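structure_18.cif, holding mmCIF, C-alpha atoms and all ligand atoms:
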```cif
data_run
#
loop_
_atom_site.label_atom_id
_atom_site.label_comp_id
_atom_site.auth_asym_id
_atom_site.auth_seq_id
_atom_site.Cartn_x
_atom_site.Cartn_y
_atom_site.Cartn_z
CA MET A 23 -0.99 9.41 -25.14
CA PRO A 24 -4.72 9.05 -24.33
CA PRO A 25 -7.16 8.72 -27.24
CA VAL A 26 -8.98 11.85 -28.39
CA LEU A 27 -12.77 11.95 -28.41
CA THR A 28 -14.10 12.91 -31.81
CA ALA A 29 -17.73 13.97 -32.31
CA ASP A 30 -19.59 14.39 -35.55
CA ALA A 31 -22.89 16.23 -35.28
CA GLY A 32 -23.31 16.33 -39.05
CA ASN A 33 -20.70 18.93 -40.04
CA GLY A 34 -17.69 16.65 -40.03
CA PRO A 35 -15.64 15.28 -37.14
CA VAL A 36 -14.56 17.64 -34.37
CA ASP A 37 -11.92 16.78 -31.80
CA LEU A 38 -13.30 17.31 -28.30
CA GLY A 39 -10.23 16.34 -26.30
CA PRO A 40 -8.41 13.43 -24.69
CA VAL A 41 -10.30 10.80 -22.72
CA LEU A 42 -9.36 7.75 -20.66
CA SER A 43 -10.82 4.26 -20.38
CA ILE A 44 -11.79 2.37 -17.25
CA PHE A 45 -10.11 -0.65 -18.84
CA ASP A 46 -6.79 1.23 -18.50
CA PRO A 47 -4.87 1.05 -15.21
CA VAL A 48 -5.49 4.02 -12.95
CA HIS A 49 -2.58 6.30 -11.97
CA ILE A 50 -2.86 6.75 -8.21
CA GLY A 51 0.56 8.12 -7.25
CA ILE A 52 4.19 7.04 -6.92
CA ASP A 53 5.97 4.19 -5.19
CA GLU A 54 9.05 4.36 -2.94
CA PHE A 55 11.32 4.59 -5.98
CA GLY A 56 9.40 7.52 -7.40
CA GLN A 57 7.89 5.34 -10.13
CA PRO A 58 4.26 5.89 -11.17
CA LYS A 59 1.88 3.52 -9.40
CA LEU A 60 -0.80 2.26 -11.76
CA VAL A 61 -3.58 -0.05 -10.61
CA PRO A 62 -5.97 -1.96 -12.88
CA LEU A 63 -9.48 -1.46 -11.50
CA ILE A 64 -11.73 -3.24 -13.95
CA GLU A 65 -12.92 -6.53 -12.36
CA ARG A 66 -11.56 -5.34 -9.03
CA ASN A 67 -12.68 -3.36 -5.99
CA MET A 68 -10.71 -1.08 -3.69
CA LEU A 69 -10.91 -0.55 0.06
CA ILE A 70 -9.38 2.60 1.54
CA GLY A 71 -8.92 2.90 5.31
CA GLY A 72 -7.05 5.21 7.65
CA GLU A 73 -7.45 7.73 10.42
CA PRO A 74 -9.10 11.11 9.74
CA GLY A 75 -6.84 13.33 7.64
CA SER A 76 -4.67 10.44 6.40
CA GLY A 77 -5.48 11.16 2.75
CA LYS A 78 -8.27 8.70 1.97
CA SER A 79 -10.38 11.22 0.06
CA GLY A 80 -7.29 12.14 -1.96
CA LEU A 81 -7.01 8.56 -3.24
CA LEU A 82 -10.75 8.30 -3.77
CA ASN A 83 -10.69 11.50 -5.84
CA ALA A 84 -7.79 10.23 -7.96
CA VAL A 85 -9.78 7.08 -8.77
CA VAL A 86 -13.07 8.91 -9.35
CA GLY A 87 -11.21 11.44 -11.52
CA HIS A 88 -9.95 8.64 -13.79
CA ALA A 89 -13.42 7.12 -13.95
CA ALA A 90 -15.01 10.50 -14.72
CA MET A 91 -12.60 10.92 -17.63
CA SER A 92 -13.43 7.42 -18.86
CA LEU A 93 -16.47 7.73 -21.08
CA ASP A 94 -16.84 3.95 -21.02
CA CYS A 95 -17.61 4.17 -17.29
CA ARG A 96 -20.58 5.57 -15.39
CA LEU A 97 -20.40 6.90 -11.87
CA VAL A 98 -22.53 6.37 -8.78
CA LEU A 99 -21.31 8.35 -5.77
CA PHE A 100 -22.20 8.05 -2.08
CA ASP A 101 -20.90 10.88 0.07
CA GLY A 102 -22.26 11.40 3.56
CA LYS A 103 -20.45 14.75 3.80
CA ARG A 104 -21.50 15.80 0.27
CA VAL A 105 -18.31 17.83 -0.28
CA GLU A 106 -15.69 15.07 -0.59
CA LEU A 107 -17.01 13.78 -3.92
CA GLY A 108 -19.39 16.67 -4.60
CA GLN A 109 -17.26 18.12 -7.37
CA TRP A 110 -17.92 15.06 -9.53
CA ARG A 111 -21.69 15.32 -9.12
CA LYS A 112 -22.30 16.50 -12.72
CA CYS A 113 -20.43 13.48 -14.06
CA ALA A 114 -22.47 10.99 -12.01
CA ASP A 115 -25.65 9.07 -12.83
CA ALA A 116 -26.53 9.25 -9.13
CA PHE A 117 -25.15 11.21 -6.21
CA VAL A 118 -26.30 10.11 -2.75
CA GLY A 119 -25.76 12.46 0.18
CA PRO A 120 -26.53 11.87 3.86
CA ASN A 121 -29.71 9.91 3.21
CA LEU A 122 -29.88 6.20 4.02
CA GLU A 123 -33.23 5.65 2.29
CA GLN A 124 -31.86 7.09 -0.93
CA ALA A 125 -28.69 5.02 -0.51
CA LEU A 126 -30.81 1.85 -0.23
CA LEU A 127 -32.88 2.81 -3.26
CA VAL A 128 -29.79 3.28 -5.40
CA LEU A 129 -28.11 0.11 -4.13
CA ARG A 130 -31.26 -1.94 -4.84
CA LYS A 131 -31.24 -0.59 -8.41
CA LEU A 132 -27.60 -1.49 -8.82
CA GLN A 133 -28.32 -4.99 -7.53
CA MET A 134 -31.15 -5.36 -10.03
CA MET A 135 -28.90 -4.17 -12.86
CA MET A 136 -26.20 -6.58 -11.73
CA ASP A 137 -28.66 -9.51 -11.82
CA ARG A 138 -29.81 -8.55 -15.33
CA ARG A 139 -26.22 -8.32 -16.53
CA TYR A 140 -25.63 -11.83 -15.20
CA ASP A 141 -28.73 -13.02 -17.09
CA TYR A 142 -27.23 -11.48 -20.23
CA LEU A 143 -23.80 -13.05 -19.70
CA GLU A 144 -25.44 -16.40 -19.04
CA ASP A 145 -27.41 -16.11 -22.29
CA CYS A 146 -24.21 -15.24 -24.17
CA GLU A 147 -22.38 -18.09 -22.45
CA ARG A 148 -19.73 -15.65 -21.24
CA ARG A 149 -18.16 -15.12 -17.86
CA LYS A 150 -17.34 -11.42 -17.84
CA ILE A 151 -17.79 -7.98 -19.42
CA ILE A 152 -15.50 -6.90 -22.30
CA PRO A 153 -14.75 -3.38 -23.66
CA ALA A 154 -17.02 -3.96 -26.69
CA ASP A 155 -20.07 -4.75 -24.53
CA VAL A 156 -23.19 -2.67 -24.94
CA PHE A 157 -23.41 -2.06 -21.23
CA GLN A 158 -20.85 0.17 -19.57
CA ALA A 159 -18.77 -0.29 -16.46
CA TYR A 160 -19.90 1.44 -13.27
CA LEU A 161 -17.66 2.92 -10.61
CA VAL A 162 -19.52 2.99 -7.29
CA ALA A 163 -17.66 5.10 -4.72
CA PHE A 164 -18.37 5.51 -1.00
CA ASP A 165 -16.99 8.18 1.31
CA GLU A 166 -17.56 7.41 4.30
CA LEU A 167 -18.70 3.81 4.39
CA ALA A 168 -19.37 3.72 8.15
CA TYR A 169 -21.69 6.68 7.85
CA TYR A 170 -24.22 4.49 6.02
CA SER A 171 -23.44 1.12 7.61
CA ALA A 172 -23.14 2.16 11.26
CA THR A 173 -24.12 5.76 11.90
CA ILE A 174 -27.37 7.09 10.43
CA GLY A 175 -30.89 5.70 10.25
CA ARG A 176 -32.48 2.55 11.66
CA LYS A 177 -30.52 -0.60 12.35
CA VAL A 178 -32.67 -2.61 9.97
CA ASP A 179 -31.82 -0.19 7.14
CA ARG A 180 -28.11 -0.10 8.02
CA ASP A 181 -28.11 -3.91 7.94
CA GLU A 182 -29.77 -3.89 4.53
CA PHE A 183 -27.15 -1.38 3.36
CA SER A 184 -24.34 -3.70 4.51
CA MET A 185 -25.99 -6.69 2.87
CA LEU A 186 -26.46 -4.89 -0.48
CA LEU A 187 -22.91 -3.52 -0.38
CA ARG A 188 -21.47 -6.97 0.27
CA ASP A 189 -23.45 -8.41 -2.63
CA LEU A 190 -22.22 -5.67 -4.96
CA VAL A 191 -18.60 -6.15 -3.90
CA ALA A 192 -18.87 -9.94 -4.17
CA ARG A 193 -20.69 -10.24 -7.49
CA GLY A 194 -20.23 -6.92 -9.28
CA ARG A 195 -16.72 -7.48 -10.61
CA ALA A 196 -17.51 -9.75 -13.52
CA VAL A 197 -20.28 -7.48 -14.79
CA GLY A 198 -18.24 -4.29 -14.70
CA ILE A 199 -19.27 -2.89 -11.32
CA ILE A 200 -16.27 -1.56 -9.42
CA VAL A 201 -16.72 -0.62 -5.77
CA VAL A 202 -14.28 1.80 -4.13
CA ALA A 203 -15.03 2.41 -0.47
CA ALA A 204 -13.28 4.65 2.05
CA THR A 205 -13.59 4.58 5.82
CA GLN A 206 -11.94 6.35 8.72
CA ARG A 207 -13.15 3.56 11.00
CA PRO A 208 -11.07 0.49 10.11
CA SER A 209 -12.61 -1.74 12.77
CA SER A 210 -13.94 -5.27 12.51
CA ASP A 211 -17.59 -4.18 12.82
CA ILE A 212 -17.25 -1.88 9.78
CA ILE A 213 -14.92 -4.11 7.76
CA PRO A 214 -15.41 -7.75 8.73
CA THR A 215 -12.71 -10.04 7.32
CA SER A 216 -15.18 -11.68 4.94
CA LEU A 217 -15.93 -8.27 3.38
CA ARG A 218 -12.30 -7.06 3.43
CA ASP A 219 -11.12 -10.11 1.53
CA LEU A 220 -13.45 -9.29 -1.36
CA PHE A 221 -11.46 -6.13 -2.12
CA ALA A 222 -8.63 -6.90 -4.53
CA TRP A 223 -6.91 -3.59 -3.71
CA ARG A 224 -6.59 -2.34 -0.14
CA PHE A 225 -4.93 0.91 0.91
CA ALA A 226 -4.14 1.74 4.52
CA GLY A 227 -3.30 5.38 5.16
CA ARG A 228 -1.93 6.18 8.60
CA CYS A 229 -3.80 4.07 11.19
CA THR A 230 -3.98 4.67 14.93
CA ASN A 231 -2.71 1.16 15.75
CA ASP A 232 -1.43 -2.09 14.24
CA SER A 233 -4.75 -3.83 14.53
CA SER A 234 -6.58 -1.17 12.44
CA SER A 235 -3.84 -1.48 9.83
CA ASP A 236 -4.30 -5.27 9.77
CA ILE A 237 -8.04 -4.87 9.39
CA VAL A 238 -7.44 -3.06 6.10
CA LEU A 239 -4.40 -4.93 4.77
CA GLY A 240 -5.06 -8.41 6.16
CA HIS A 241 -4.27 -10.25 9.35
CA GLY A 242 -0.60 -10.66 10.28
CA TRP A 243 0.99 -7.93 8.16
CA ALA A 244 1.75 -5.68 11.15
CA GLN A 245 3.65 -8.51 12.80
CA LYS A 246 5.71 -8.91 9.64
CA GLY A 247 6.66 -5.23 9.84
CA TRP A 248 3.99 -3.77 7.58
CA SER A 249 1.89 -1.45 9.70
CA ALA A 250 0.30 1.80 8.58
CA ASN A 251 0.72 2.95 12.17
CA MET A 252 4.35 3.73 11.30
CA ILE A 253 3.36 6.35 8.75
CA SER A 254 3.91 9.88 9.96
CA PRO A 255 0.78 11.90 10.74
CA ASN A 256 2.56 14.70 8.85
CA ASN A 257 2.59 12.69 5.64
CA PRO A 258 -1.01 12.54 4.41
CA GLY A 259 -1.49 10.50 1.26
CA ALA A 260 1.31 8.09 2.19
CA GLY A 261 0.12 4.58 2.91
CA LEU A 262 0.46 0.88 2.31
CA LEU A 263 -1.18 -0.63 -0.74
CA ILE A 264 -1.71 -4.34 -1.12
CA SER A 265 -3.28 -6.40 -3.88
CA GLU A 266 -4.98 -9.73 -3.27
CA SER A 267 -1.88 -11.58 -4.38
CA GLY A 268 1.06 -9.44 -3.22
CA SER A 269 2.85 -7.84 -0.30
CA PRO A 270 2.17 -4.31 0.94
CA GLN A 271 3.92 -1.52 -0.89
CA LEU A 272 4.54 2.01 0.37
CA ILE A 273 3.03 4.60 -1.94
CA LYS A 274 2.26 8.29 -1.95
CA VAL A 275 -1.05 9.21 -3.50
CA ALA A 276 -1.15 11.82 -6.27
CA TYR A 277 -3.08 14.66 -4.69
CA LEU A 278 -5.60 16.63 -6.72
CA ASP A 279 -6.37 19.90 -4.96
CA ASP A 280 -9.88 21.37 -5.06
CA ARG A 281 -9.17 23.59 -8.03
CA THR A 282 -7.68 20.77 -10.10
CA CYS A 283 -10.55 18.42 -9.22
CA ALA A 284 -13.08 21.08 -10.20
CA GLY A 285 -11.28 21.64 -13.53
CA ILE A 286 -11.14 17.93 -14.40
CA ALA A 287 -14.75 17.44 -13.29
CA ALA A 288 -15.98 20.34 -15.45
CA TYR A 289 -14.03 19.03 -18.47
CA ALA A 290 -15.30 15.47 -17.95
CA ALA A 291 -18.89 16.73 -17.55
CA THR A 292 -18.59 18.66 -20.84
CA LEU A 293 -17.35 15.57 -22.67
CA ARG A 294 -20.13 13.47 -21.14
CA ASP A 295 -22.74 16.03 -22.21
CA ALA A 296 -21.29 16.05 -25.72
CA VAL A 297 -21.61 12.28 -25.94
CA ARG A 298 -25.17 12.36 -24.57
CA ASP A 299 -26.31 15.23 -26.80
CA ASN A 300 -24.96 13.90 -30.06
CA PRO A 301 -27.62 12.71 -32.51
CA PRO A 302 -27.46 9.09 -33.69
CA THR A 303 -25.78 10.22 -36.93
CA GLY A 304 -22.98 11.75 -34.88
CA ILE A 305 -22.19 9.05 -32.39
CA PRO A 306 -18.76 10.01 -31.00
CA VAL A 307 -16.00 7.60 -31.76
CA LEU A 308 -12.73 7.01 -30.01
CA ARG A 309 -9.61 7.04 -32.07
CA ALA A 310 -5.94 6.94 -31.16
CA ALA A 311 -4.37 10.42 -31.16
N1 LIG B 401 -1.42 12.76 -1.38
C1 LIG B 401 -1.36 13.89 -0.65
N2 LIG B 401 -0.30 14.71 -0.76
C2 LIG B 401 -0.22 15.86 -0.05
N3 LIG B 401 -1.19 16.26 0.82
C3 LIG B 401 -2.25 15.49 0.97
C4 LIG B 401 -2.40 14.26 0.25
N4 LIG B 401 -3.58 13.70 0.60
C5 LIG B 401 -4.12 14.54 1.51
N5 LIG B 401 -3.34 15.61 1.73
C6 LIG B 401 -3.61 16.72 2.66
O1 LIG B 401 -4.24 16.18 3.81
C7 LIG B 401 -5.55 16.75 3.98
C8 LIG B 401 -6.53 15.66 4.41
O2 LIG B 401 -6.64 14.73 3.36
P1 LIG B 401 -7.99 13.93 3.08
O3 LIG B 401 -9.19 14.84 3.18
O4 LIG B 401 -7.82 13.18 1.83
O5 LIG B 401 -8.00 12.97 4.35
P2 LIG B 401 -9.10 11.92 4.76
O6 LIG B 401 -8.37 10.73 5.25
O7 LIG B 401 -10.07 11.71 3.67
O8 LIG B 401 -9.81 12.66 5.98
P3 LIG B 401 -11.30 12.42 6.55
O9 LIG B 401 -11.34 11.03 7.10
O10 LIG B 401 -11.42 13.46 7.62
O11 LIG B 401 -12.26 12.63 5.41
C9 LIG B 401 -5.89 17.36 2.62
O12 LIG B 401 -6.73 18.47 2.76
C10 LIG B 401 -4.55 17.74 2.07
O13 LIG B 401 -4.16 19.02 2.55
#
```
Mind turning the file's structure into structure tokens?
Amino acid sequence: MPPVLTADAGNGPVDLGPVLSIFDPVHIGIDEFGQPKLVPLIERNMLIGGEPGSGKSGLLNAVVGHAAMSLDCRLVLFDGKRVELGQWRKCADAFVGPNLEQALLVLRKLQMMMDRRYDYLEDCERRKIIPADVFQAYLVAFDELAYYSATIGRKVDRDEFSMLLRDLVARGRAVGIIVVAATQRPSSDIIPTSLRDLFAWRFAGRCTNDSSSDIVLGHGWAQKGWSANMISPNNPGAGLLISESGSPQLIKVAYLDDRTCAGIAAYAATLRDAVRDNPPTGIPVLRAA
């Protein structure tokens, strides 16, 4: 049972409703045996690849939905199409549409914040963020990665985008910055091996060939029989999920349709407003239900 958010604006505590935590594993769907598939995301990143229509946005929305409902997590969303993650806009600190300059601005700010968090950890002689920390986790989600790194704007800006993204993926984990990135172009120019290997979780929805599947999951898996090319085009949301230390696993993503996403997003935005608007005397507290 998730904890219930309680607010006290001076007239006694009022239950606002259940919330989640980004330190909890995220429910993303079911495995082959019909068992819930839960993935811990704190201190990890997730790469999502697959051909158009394979269900990447479905997985991204499941993850962003959990983060939106986690009041210990802030959201930064990059969405070249604006409508894939657009429903979560009110829950996000920043929402970047099809604008590379704005994307760079936001990424530079995140990099600066990451550096300051490292200064703080160094001063505290600690190695990573904990739930009791004053600073909150950030979920930084991209749909579609290649749009910013290979499609719009000037090459020099796209290169800076790729460099900032790599830095965030490489160094963000310990300071609570989680990157989840989706692309319909699983090719080596978009996801070089050195970048791919920084993602602890990798999900390949249906891919057009074995080599695209390997680019997401890791070299050699197709030859061992694990290729997302074998997934039916009529089965969106099915795909192979691998963690940095395991073998691929077939899963089916829990799909949130537009109406459900909008409902969760509106509820999460209300809770976030309630937390923001509460006076210091009424700081909301989490308690077990
Ligand atoms: N887990 C799922 N279960 C059932 N249907 C799904 C699932 N995921 C996606 N679908 C269906 O497939 C369609 C395409 O899914 P989605 O938009 O997530 O694909 P995508 O890979 O993000 O596509 P694109 O690359 O074009 O953005 C959805 O509109 C939905 O109808």
Could you jot down the CA of Leu99 in chain A to CA of Ala116 in chain A separation for me, Å, one decimal place? 6.3 Å
Using all atoms listed in the file, the best pick from A:Asp232, A:Ala250, A:Ala290, A:Arg180 as closest to Gln271 in chain A would be A:Ala250
Distance in Å - CA of Gly268 in chain A versus CA of Val238 in chain A: 14.1 Å
Point-to-point distance in Å for CA of Phe225 in chain A and CA of Ile70 in chain A: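 Pair CA of Ile70 in chain A / CA of Phe225 in chain A returns 4.8 Å.
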Would you mind telling me which residue in A:Arg130, A:Arg224, A:Lys78, A:Lys103 lies nearest to ligand LIG 401 (chain B) when using all atoms listed in the file?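 For ligand LIG 401 (chain B), the nearest of the candidates is A:Lys78.
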What do you get as a list in words if you pick all residues at most 7 Å from ligand LIG 401 (chain B), counting all atoms listed in the file?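 Sorted by chain and then by number, the residues are Gly72, Glu73, Pro74, Gly75, Ser76, Gly77, Lys78, Ser79, Gly80, Leu81, Thr205, Gln206, Pro258, Gly259, Ala260, Lys274, Val275, Ala276 and Tyr277 of chain A.
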From the set A:Ala159, A:Ala172, A:Val105, A:Val118, which residue has the shortest atom-to-atom contact distance to Ala196 in chain A, counting all atoms listed in the file?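 Using all atoms listed in the file, Ala196 in chain A sits closest to A:Ala159.
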Find the residues near Leu126 in chain A: any atom within 8 Å, counting all atoms listed in the file, skip ones fewer than 3 places away on the same chain, and give them as a ChimeraX atom specification. /A:122-123,129-130,179,182-183
Can I get the selected residues back with C-alpha atoms, as a CSV table (one decimal), in the frame of the given file?
```
chain,number,residue,atom,x,y,z
A,122,LEU,CA,-29.9,6.2,4.0
A,123,GLU,CA,-33.2,5.6,2.3
A,129,LEU,CA,-28.1,0.1,-4.1
A,130,ARG,CA,-31.3,-1.9,-4.8
A,179,ASP,CA,-31.8,-0.2,7.1
A,182,GLU,CA,-29.8,-3.9,4.5
A,183,PHE,CA,-27.2,-1.4,3.4
```
I need the residue nearest Gly87 in chain A from this list: A:Gly285, A:Gly102, A:Gly198, A:Gly56. Use all atoms listed in the file for the distance.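 Smallest separation from Gly87 in chain A among the options: A:Gly285.
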Could you give me, as a VMD selection string, the residues within 12 Å of Ser267 in chain A, counting only C-alpha atoms and dropping anything in the same chain fewer than 5 positions from it? chain A and resid 219 221 to 224 239 to 240
For Ala89 in chain A, which residue out of A:Asp165, A:Asp46, A:Glu106, A:Asp101 is the nearest one, using all atoms listed in the file? A:Asp46
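The protein and nucleic acid residues lying at most 8 Å from Ile212 in chain A are Leu167, Ala168, Ser171, Ala172, Arg207, Pro208 and Ser209 of chain A, with only C-alpha atoms considered and sequence neighbours fewer than 3 positions away removed.
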Counting only C-alpha atoms, which of A:Val191, A:Ile237, A:Ile64, A:Ile52 gets nearest to Ile151 in chain A?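 So, comparing all the options, the nearest one is A:Ile64.
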Please determine the residues with any atom at most 10 Å from (-2.6, -1.1, -6.6) (coordinates as given in the file, with only C-alpha atoms counting) and report them as a list of chain:residue names.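 Output: A:Pro47, A:Val48, A:His49, A:Ile50, A:Gly51, A:Lys59, A:Leu60, A:Val61, A:Pro62, A:Leu63, A:Met68, A:Ala222, A:Trp223, A:Arg224, A:Phe225, A:Leu262, A:Leu263, A:Ile264, A:Ser265, A:Glu266, A:Gly268, A:Pro270, A:Gln271, A:Ile273.
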Could you dump the residues just selected with C-alpha atoms as a CSV table (one decimal), in the frame of the given file?
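Output below, filename out-v8.csv:
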```csv
chain,number,residue,atom,x,y,z
A,47,PRO,CA,-4.9,1.0,-15.2
A,48,VAL,CA,-5.5,4.0,-13.0
A,49,HIS,CA,-2.6,6.3,-12.0
A,50,ILE,CA,-2.9,6.8,-8.2
A,51,GLY,CA,0.6,8.1,-7.2
A,59,LYS,CA,1.9,3.5,-9.4
A,60,LEU,CA,-0.8,2.3,-11.8
A,61,VAL,CA,-3.6,0.0,-10.6
A,62,PRO,CA,-6.0,-2.0,-12.9
A,63,LEU,CA,-9.5,-1.5,-11.5
A,68,MET,CA,-10.7,-1.1,-3.7
A,222,ALA,CA,-8.6,-6.9,-4.5
A,223,TRP,CA,-6.9,-3.6,-3.7
A,224,ARG,CA,-6.6,-2.3,-0.1
A,225,PHE,CA,-4.9,0.9,0.9
A,262,LEU,CA,0.5,0.9,2.3
A,263,LEU,CA,-1.2,-0.6,-0.7
A,264,ILE,CA,-1.7,-4.3,-1.1
A,265,SER,CA,-3.3,-6.4,-3.9
A,266,GLU,CA,-5.0,-9.7,-3.3
A,268,GLY,CA,1.1,-9.4,-3.2
A,270,PRO,CA,2.2,-4.3,0.9
A,271,GLN,CA,3.9,-1.5,-0.9
A,273,ILE,CA,3.0,4.6,-1.9
```
